[in-house]
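Enquirer: Submitted below is the structure of interest, expressed as structure tokens.
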Amino acid sequence: MEFTEAKLGRIFVLRLHDGDCLHEVIESFAAEKQVSAALCFFLGGAKEKSRVVVGPKDGDAFPPEPMITLLSGVHEACGVGTIFANEAGKPKLHMHASFGRNEQTVTGCVRMGVDVWQIGEVVIIELAGAKAKRAADKRTRFEFLEVQGLT
């Protein structure tokens, strides 16, 4: 395990609009405000045919091939994630969310394109002084969190 310490920085409250692509809006906003480390919460609705990564097709294959589920119908949604800058300095969101409709729930990563349906509320809590970034891993093709602080 590795860790770094951080202090609370700025706190942003965003209202997203119908059709906004969740990860694109959050990453664009973080870049505009120069947020390189943050905790991020999402609450709202997700449009039909939003794309959710629900796991790798084969956990032993490298690089992993993502399984993608298209939401069938509008879903209620809530999610939590982190924002850390990648090696190029660009803020990258890693968020998992749960999507519910009637008695069915889908949980997964929003990175392939979750579009907001009517309501999208996001809170971003900046982690000032965190010494961490996302670093590309050649084997998995993921951008893993690399902590450069205390050990």
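Every chain in the structure tokens has a letter given in the order shown (A, B, ...), and although residue numbers restart at 1 in each chain, ligands are simply numbered from 1 in the order shown.
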Quick one: residues within 12 Å of A:Gly108, only C-alpha atoms, excluding same-chain residues fewer than 6 positions away - as a list in words?
Expert: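 Here the answer would be Ser50, Arg51, Val52, Val53, Val54, Gly55, Pro56, Pro66, Met67, Ile68, Thr69, Leu70, Leu71, Ala77, Cys78, Gly79, Val80, Gly81, His94, Met95, His96, Ala97, Ser98, Phe99, Gly100 and Val114 of chain A.
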Enquirer: Can I get the selection written as a PDB file, in the first residue's frame, with C-alpha atoms?
Expert:
ATOM      1  CA  SER A  50     -26.118   4.882 -21.972  1.00  0.00           C
ATOM      2  CA  ARG A  51     -23.035   2.653 -22.042  1.00  0.00           C
ATOM      3  CA  VAL A  52     -21.904   1.047 -18.776  1.00  0.00           C
ATOM      4  CA  VAL A  53     -18.775  -1.108 -18.423  1.00  0.00           C
ATOM      5  CA  VAL A  54     -19.865  -4.089 -16.308  1.00  0.00           C
ATOM      6  CA  GLY A  55     -16.645  -6.089 -16.223  1.00  0.00           C
ATOM      7  CA  PRO A  56     -14.052  -7.741 -18.412  1.00  0.00           C
ATOM      8  CA  PRO A  66     -14.637  -4.667 -21.546  1.00  0.00           C
ATOM      9  CA  MET A  67     -18.197  -5.937 -21.308  1.00  0.00           C
ATOM     10  CA  ILE A  68     -20.555  -3.079 -22.124  1.00  0.00           C
ATOM     11  CA  THR A  69     -24.232  -2.953 -21.206  1.00  0.00           C
ATOM     12  CA  LEU A  70     -26.606  -0.512 -22.866  1.00  0.00           C
ATOM     13  CA  LEU A  71     -29.224   0.731 -20.430  1.00  0.00           C
ATOM     14  CA  ALA A  77     -28.406   6.755 -10.940  1.00  0.00           C
ATOM     15  CA  CYS A  78     -25.856   7.480  -8.263  1.00  0.00           C
ATOM     16  CA  GLY A  79     -22.100   7.214  -8.471  1.00  0.00           C
ATOM     17  CA  VAL A  80     -18.827   7.941  -6.767  1.00  0.00           C
ATOM     18  CA  GLY A  81     -15.418   8.413  -8.290  1.00  0.00           C
ATOM     19  CA  HIS A  94     -12.771   7.030 -12.673  1.00  0.00           C
ATOM     20  CA  MET A  95     -16.367   6.622 -11.524  1.00  0.00           C
ATOM     21  CA  HIS A  96     -18.522   3.619 -10.798  1.00  0.00           C
ATOM     22  CA  ALA A  97     -22.259   4.104 -10.610  1.00  0.00           C
ATOM     23  CA  SER A  98     -25.397   2.097  -9.995  1.00  0.00           C
ATOM     24  CA  PHE A  99     -28.342   2.457 -12.334  1.00  0.00           C
ATOM     25  CA  GLY A 100     -31.797   1.285 -11.334  1.00  0.00           C
ATOM     26  CA  VAL A 114     -23.394   7.684 -19.695  1.00  0.00           C
TER      27      VAL A 114
END
Enquirer: Give me, as an MDAnalysis selection string, all polymer residues having an atom no more than 7 Å from A:Phe144, counting only C-alpha atoms and skipping those fewer than 4 positions away in the same chain.
Expert: chainID A and resid 134:137
Enquirer: By how many Å are atom CA of A:Leu14 and atom CA of A:Ala37 apart?
Expert: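 Pair atom CA of A:Leu14 / atom CA of A:Ala37 returns 16.8 Å.
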Enquirer: Give me, please, the distance in Å between atom CA of A:Cys21 and atom CA of A:Ala38, quoted to one decimal.
Expert: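 Going from atom CA of A:Cys21 over to atom CA of A:Ala38 covers 19.0 Å.
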Enquirer: For the interface of stretch 97-124 of chain A with stretch 25-34 of chain A (cut-off 12 Å, counting only C-alpha atoms), please tabulate each contacting residue of stretch 97-124 of chain A alongside its nearest pair of atoms and their separation in Å to one decimal, rows sorted by chain and increasing number, as a tab-separated table.
Expert:
residue	atom	partner	partner_atom	distance
A:Val110	CA	A:Ile26	CA	11.4
A:Arg111	CA	A:Glu27	CA	10.9
A:Gly113	CA	A:Val25	CA	10.8
A:Val114	CA	A:Val25	CA	10.7
A:Asp115	CA	A:Val25	CA	10.1
A:Val116	CA	A:Val25	CA	10.4
A:Gly120	CA	A:Val25	CA	10.8
A:Glu121	CA	A:Ile26	CA	10.9
A:Val122	CA	A:Ile26	CA	8.4
A:Val123	CA	A:Ile26	CA	9.9
A:Ile124	CA	A:Ile26	CA	8.8
Enquirer: Rounded to one decimal in Å, what is the spacing between atom CA of A:Gly44 and atom CA of A:Thr105?
Expert: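 Distance between the two atoms: 14.6 Å.
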Enquirer: Just list as a ChimeraX atom specification whatever in stretch 6-116 of chain A DSSP marks as helix (DSSP H, G or I).
Expert: /A:22-32
Enquirer: Going by DSSP on the backbone, which residues of chain A come out as strand (DSSP E)? List them as a count of residues only.
Expert: 82
Enquirer: Under the rule that only C-alpha atoms are counted, which of A:Val74, A:Ala46, A:Ala88, A:Ala132 is the nearest residue to A:His17?
Expert: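 Of A:Val74, A:Ala46, A:Ala88, A:Ala132, the one nearest A:His17 is A:Ala46, counting only C-alpha atoms.
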Enquirer: From the options A:Arg15, A:Lys49, A:Lys90, A:Lys7, which residue's atoms come nearest to A:Glu126, counting only C-alpha atoms?
Expert: A:Lys7
Enquirer: Determine the nearest neighbour of A:Leu39 from the options A:Val147, A:Ile119, A:Val106, A:Leu93, counting only C-alpha atoms.
Expert: A:Leu93
